[in-house]
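File shown: model04.txt. Contents: compact mmCIF, C-alpha atoms and all ligand atoms.
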```txt
# COMPACT_ATOMS: atom_id res chain seq x y z
CA MET R 4 93.75 29.26 -132.43
CA ARG R 5 94.83 26.01 -134.03
CA LEU R 6 93.52 22.77 -132.59
CA ASP R 7 95.02 19.34 -133.04
CA LEU R 8 92.09 17.04 -133.84
CA SER R 9 94.15 13.82 -134.12
CA GLU R 10 92.42 12.18 -131.16
CA ILE R 11 88.99 12.86 -132.61
CA LEU R 12 89.93 11.90 -136.19
CA LEU R 13 91.29 8.52 -135.11
CA HIS R 14 88.32 7.45 -132.98
CA VAL R 15 85.01 6.83 -134.67
CA GLY R 16 82.12 8.05 -132.57
CA LYS R 17 84.26 10.42 -130.59
CA ASN R 18 82.38 13.54 -129.60
CA VAL R 19 84.32 16.44 -128.11
CA PRO R 20 82.88 19.80 -127.05
CA TYR R 21 85.13 22.83 -127.16
CA ASP R 22 84.39 26.09 -125.35
CA MET R 23 85.93 28.85 -127.37
CA ASN R 24 87.07 32.24 -126.29
CA GLU R 25 89.00 33.60 -129.23
CA PRO R 26 90.58 37.03 -129.16
CA ALA R 27 88.74 39.66 -131.22
CA LEU R 28 89.66 39.04 -134.84
CA VAL R 29 91.04 42.02 -136.72
CA ASP R 30 92.36 42.02 -140.28
CA GLU R 31 91.84 44.02 -143.47
CA ASP R 32 88.32 42.65 -144.00
CA ILE R 33 86.96 42.06 -140.53
CA GLU R 34 87.14 43.89 -137.25
CA CYS R 35 85.66 42.40 -134.12
CA VAL R 36 85.25 44.58 -131.06
CA GLU R 37 84.76 41.69 -128.67
CA PRO R 38 86.26 38.24 -128.22
CA ILE R 39 84.51 35.46 -130.11
CA VAL R 40 82.86 33.23 -127.57
CA GLY R 41 80.80 30.12 -128.01
CA ARG R 42 80.89 26.38 -128.12
CA LEU R 43 81.70 23.90 -130.83
CA VAL R 44 81.20 20.17 -130.86
CA PHE R 45 83.49 18.00 -132.96
CA THR R 46 82.08 14.61 -133.89
CA ASN R 47 83.79 11.79 -135.72
CA ALA R 48 80.88 10.26 -137.63
CA GLY R 49 82.88 7.52 -139.34
CA SER R 50 83.73 8.95 -142.74
CA THR R 51 82.94 12.55 -141.94
CA LEU R 52 83.99 15.01 -139.29
CA LEU R 53 81.13 17.18 -138.08
CA ILE R 54 81.72 20.60 -136.58
CA LYS R 55 78.65 22.23 -135.13
CA GLY R 56 78.05 25.05 -132.72
CA LYS R 57 77.50 28.72 -132.11
CA ALA R 58 79.74 31.72 -131.73
CA ASP R 59 78.97 35.30 -130.75
CA THR R 60 80.90 38.51 -131.13
CA SER R 61 80.44 42.12 -132.24
CA LEU R 62 81.67 43.57 -135.50
CA TYR R 63 82.90 47.10 -136.01
CA LEU R 64 81.12 48.36 -139.12
CA SER R 65 81.06 51.56 -141.11
CA CYS R 66 77.56 52.98 -141.71
CA SER R 67 76.88 52.84 -145.45
CA ARG R 68 75.11 56.20 -145.19
CA CYS R 69 77.37 58.41 -143.10
CA ALA R 70 80.50 56.23 -142.80
CA ASP R 71 80.43 56.56 -139.02
CA TYR R 72 81.57 53.47 -137.20
CA PHE R 73 79.30 51.48 -134.97
CA SER R 74 79.36 48.03 -133.47
CA SER R 75 76.84 45.37 -134.30
CA PRO R 76 76.41 41.99 -132.59
CA VAL R 77 76.70 38.91 -134.78
CA SER R 78 75.78 35.35 -134.01
CA LEU R 79 77.33 32.58 -136.08
CA ASP R 80 75.68 29.23 -136.61
CA ILE R 81 78.49 26.88 -137.39
CA ASP R 82 77.63 23.71 -139.21
CA GLU R 83 80.33 22.03 -141.25
CA GLN R 84 81.16 18.56 -142.37
CA PHE R 85 84.41 17.39 -143.80
CA GLU R 86 85.16 14.12 -145.49
CA MET R 87 87.96 12.12 -143.93
CA GLN R 88 90.52 10.10 -145.81
CA PHE R 89 92.24 7.12 -144.21
CA SER R 90 95.65 5.88 -145.17
CA GLY R 91 98.21 3.46 -143.79
CA GLY R 92 97.13 1.29 -140.93
CA GLY R 93 99.28 -1.67 -142.02
CA LEU R 94 101.39 -3.71 -139.60
CA ARG R 95 104.36 -1.39 -139.64
CA GLN R 96 102.44 1.84 -139.97
CA ALA R 97 100.11 3.79 -137.75
CA GLN R 98 96.85 4.71 -139.37
CA GLN R 99 96.63 8.25 -140.63
CA VAL R 100 93.57 10.34 -141.15
CA ASP R 101 93.43 13.47 -143.23
CA ILE R 102 90.68 15.81 -144.15
CA LEU R 103 89.89 15.34 -147.80
CA GLU R 104 90.32 18.53 -149.74
CA ASP R 105 88.03 18.66 -152.71
CA ASP R 106 85.97 21.11 -154.72
CA GLU R 107 82.86 20.28 -152.78
CA ASN R 108 84.20 21.99 -149.74
CA PRO R 109 86.47 24.80 -150.90
CA ILE R 110 87.31 25.97 -147.41
CA ALA R 111 88.75 22.61 -146.32
CA ALA R 112 92.10 23.44 -147.91
CA LYS R 113 92.35 26.61 -145.88
CA ILE R 114 91.36 25.40 -142.48
CA PHE R 115 93.01 21.98 -142.25
CA GLN R 116 96.65 21.06 -142.37
CA GLY R 117 96.60 17.36 -141.68
CA PRO R 118 94.80 16.98 -138.36
CA ILE R 119 95.43 20.61 -137.39
CA PHE R 120 92.28 22.66 -137.50
CA ASP R 121 92.53 26.43 -137.88
CA LEU R 122 89.61 27.70 -135.81
CA THR R 123 90.51 31.35 -136.45
CA GLU R 124 90.28 30.85 -140.21
CA LEU R 125 86.91 29.08 -139.93
CA LEU R 126 85.54 31.95 -137.83
CA ARG R 127 86.96 34.46 -140.31
CA GLN R 128 85.13 32.75 -143.19
CA TYR R 129 81.87 32.79 -141.27
CA LEU R 130 82.28 36.43 -140.25
CA LEU R 131 82.96 37.46 -143.86
CA VAL R 132 79.69 35.92 -144.92
CA GLU R 133 77.79 37.30 -141.94
CA ALA R 134 79.06 40.89 -142.29
CA PRO R 135 76.45 43.03 -144.06
CA THR R 136 77.60 44.45 -147.42
CA ARG R 137 75.78 47.70 -146.67
CA PRO R 138 75.80 48.16 -142.91
CA ILE R 139 73.19 50.34 -141.29
CA PRO R 140 73.32 51.19 -137.59
CA PRO R 141 70.20 51.01 -135.40
CA CYS R 142 67.41 53.20 -136.80
CA ASP R 143 64.72 55.28 -135.08
CA ASN R 144 61.03 54.47 -135.63
CA GLU R 145 60.98 56.52 -138.85
CA GLY R 146 63.77 54.37 -140.24
CA ARG R 147 66.40 57.12 -139.91
CA CYS R 148 69.95 56.19 -138.97
CA GLN R 149 70.54 57.24 -135.37
CA GLN R 150 73.91 58.66 -136.30
CA CYS R 151 73.39 60.50 -139.60
CA HIS R 152 69.57 60.73 -139.44
CA LEU R 153 69.25 59.74 -143.10
CA LEU R 154 66.71 57.40 -144.66
CA PRO R 155 68.07 54.57 -146.85
CA GLU R 156 66.69 56.12 -150.08
CA GLU R 157 68.35 59.46 -149.29
CA VAL R 158 71.74 57.85 -149.39
CA LEU R 159 71.39 54.99 -151.84
CA ALA R 160 70.11 57.19 -154.71
CA PRO R 161 73.47 58.57 -155.95
CA TYR R 162 75.02 55.17 -155.46
CA GLN R 163 72.52 53.55 -157.82
CA ASP R 164 73.35 56.02 -160.61
CA THR R 165 76.79 54.60 -161.06
CA GLU R 166 76.25 50.98 -160.19
CA LYS R 167 73.20 48.77 -160.17
CA PRO R 168 72.69 47.02 -156.85
CA GLU R 169 73.20 43.62 -158.49
CA GLU R 170 76.49 44.79 -159.97
CA ALA R 171 77.54 46.21 -156.66
CA ALA R 172 76.75 42.90 -155.02
CA ALA R 173 78.64 40.98 -157.70
CA ASN R 174 81.69 43.20 -157.22
CA SER R 175 81.72 42.74 -153.50
CA PRO R 176 84.78 40.81 -152.35
CA PHE R 177 82.47 38.64 -150.28
CA SER R 178 80.11 37.63 -153.06
CA ARG R 179 82.15 34.70 -154.32
CA LEU R 180 82.59 33.35 -150.83
CA ALA R 181 78.89 33.75 -150.07
CA GLU R 182 78.16 31.95 -153.33
CA LEU R 183 80.43 29.08 -152.45
CA LEU R 184 78.86 28.66 -149.05
CA HIS R 185 75.38 28.75 -150.53
CA GLU R 186 76.28 26.17 -153.13
CA GLU R 187 77.47 24.02 -150.32
CA GLU R 188 74.21 24.44 -148.39
CA ALA R 189 72.23 23.51 -151.47
CA GLU R 190 73.84 20.11 -151.72
ZN ZN H 1 74.57 56.77 -140.63
```
Re-express the file's structure as structure tokens.
Amino acid sequence: MRLDLSEILLHVGKNVPYDMNEPALVDEDIECVEPIVGRLVFTNAGSTLLIKGKADTSLYLSCSRCADYFSSPVSLDIDEQFEMQFSGGGLRQAQQVDILEDDENPIAAKIFQGPIFDLTELLRQYLLVEAPTRPIPPCDNEGRCQQCHLLPEEVLAPYQDTEKPEEAAANSPFSRLAELLHEEEAE
């Protein structure tokens, strides 16, 4: 879903809630089994646009032990702020507001085109970060996977021979994105 935020961007103090019910997102990296539902609030705080809210869905994951698929609920805490850039506003020109795309917020370039906000892309970014790199379905009280009945150490041992966990994490396609988002949180 793409949302036109022009009204919000042009009015300082404007606060608009949005109830979302996005179709289950499916692409090469992410597979949702349920629609993404939740609520976002867009706030024009003067020089920044705040986007805050929650979203829930379920991801279809492959057990890192037995490769069986299972679904796992995820809850996203959305908290973003984007710097706004004003231009125009002279006598013969309507004022324009754009989201400033800079290195501080690497995802801005992907989710804004002028005042058009790509909600699907934002949710995709959050889901990529939220998805576990080594998914494990619900376990019994002994810690055995309910599907393959293996303990984590029974499966991870051969894996660690070829690749150290840190290397595996560094090679994950999500690691750079997770890094970027963490850098952003740290600021
Ligand atoms: Zn399993």
Could you build a table of the residues in chain R lying no more than 8 Å from ligand ZN 1 (chain H), giving for each the nearest pair of atoms and their separation in Å rounded to one decimal place, using only C-alpha atoms and all ligand atoms, ordered by chain and ascending residue number, as CSV?
```
residue,atom,partner,partner_atom,distance
R:Cys66,CA,H:ZN1,ZN,4.9
R:Ser67,CA,H:ZN1,ZN,6.6
R:Arg68,CA,H:ZN1,ZN,4.6
R:Cys69,CA,H:ZN1,ZN,4.1
R:Ala70,CA,H:ZN1,ZN,6.3
R:Asp71,CA,H:ZN1,ZN,6.1
R:Ile139,CA,H:ZN1,ZN,6.6
R:Pro140,CA,H:ZN1,ZN,6.5
R:Cys148,CA,H:ZN1,ZN,4.9
R:Gln149,CA,H:ZN1,ZN,6.6
R:Gln150,CA,H:ZN1,ZN,4.8
R:Cys151,CA,H:ZN1,ZN,4.0
R:His152,CA,H:ZN1,ZN,6.5
R:Leu153,CA,H:ZN1,ZN,6.6
```
Give me the residues within 10 Å of range 43-57 of chain R as number ranges by chain, counting only C-alpha atoms and dropping any in the same chain fewer than 6 places off.
R: 8, 10-23, 78-89, 102-103
Å distance separating CA of Glu156 in chain R from CA of Tyr63 in chain R, one decimal place:
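Pair CA of Glu156 in chain R / CA of Tyr63 in chain R returns 23.3 Å.
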CA of Pro155 in chain R to CA of Leu64 in chain R: how many Å, to one decimal?
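Atom-to-atom, CA of Pro155 in chain R to CA of Leu64 in chain R, that is 16.4 Å.
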In Å, rounded to a single decimal, give me how far CA of Arg42 in chain R is from CA of Tyr72 in chain R.
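Separation between CA of Tyr72 in chain R and CA of Arg42 in chain R: 28.6 Å.
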Identify the residues within 10 Å of coordinate (92.7, 21.5, -142.3) (same frame as the file), considering all atoms listed in the file, and give the answer as a ChimeraX atom specification.
/R:5-8,85,101-104,110-122,124-125
Deliver the residues from the most recent selection as a file, using C-alpha atoms, as a CSV table (one decimal), in the frame of the given file.
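Produced file again_21.csv, reproduced below:
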```
chain,number,residue,atom,x,y,z
R,5,ARG,CA,94.8,26.0,-134.0
R,6,LEU,CA,93.5,22.8,-132.6
R,7,ASP,CA,95.0,19.3,-133.0
R,8,LEU,CA,92.1,17.0,-133.8
R,85,PHE,CA,84.4,17.4,-143.8
R,101,ASP,CA,93.4,13.5,-143.2
R,102,ILE,CA,90.7,15.8,-144.2
R,103,LEU,CA,89.9,15.3,-147.8
R,104,GLU,CA,90.3,18.5,-149.7
R,110,ILE,CA,87.3,26.0,-147.4
R,111,ALA,CA,88.8,22.6,-146.3
R,112,ALA,CA,92.1,23.4,-147.9
R,113,LYS,CA,92.4,26.6,-145.9
R,114,ILE,CA,91.4,25.4,-142.5
R,115,PHE,CA,93.0,22.0,-142.2
R,116,GLN,CA,96.6,21.1,-142.4
R,117,GLY,CA,96.6,17.4,-141.7
R,118,PRO,CA,94.8,17.0,-138.4
R,119,ILE,CA,95.4,20.6,-137.4
R,120,PHE,CA,92.3,22.7,-137.5
R,121,ASP,CA,92.5,26.4,-137.9
R,122,LEU,CA,89.6,27.7,-135.8
R,124,GLU,CA,90.3,30.8,-140.2
R,125,LEU,CA,86.9,29.1,-139.9
```
For the point (84.5, 36.8, -140.6) in file coordinates, what residues are within 9 Å, counting only C-alpha atoms? Give the answer as number ranges by chain?
R: 28, 32-35, 62, 124-134
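Shortest separation to Ala27 in chain R among R:Ser90, R:Thr123, R:Ser75, R:Ser65 occurs at residue R:Thr123, atoms counted being only C-alpha atoms.
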Report, as AutoDock Vina command-line options, the centre and edge lengths in Å (one decimal) of the axis-aligned box enclosing every listed atom of range 125-137 of chain R, padded by 6 Å on each side.
```
--center_x 81.4 --center_y 38.4 --center_z -142.6 --size_x 23.2 --size_y 30.6 --size_z 21.6
```
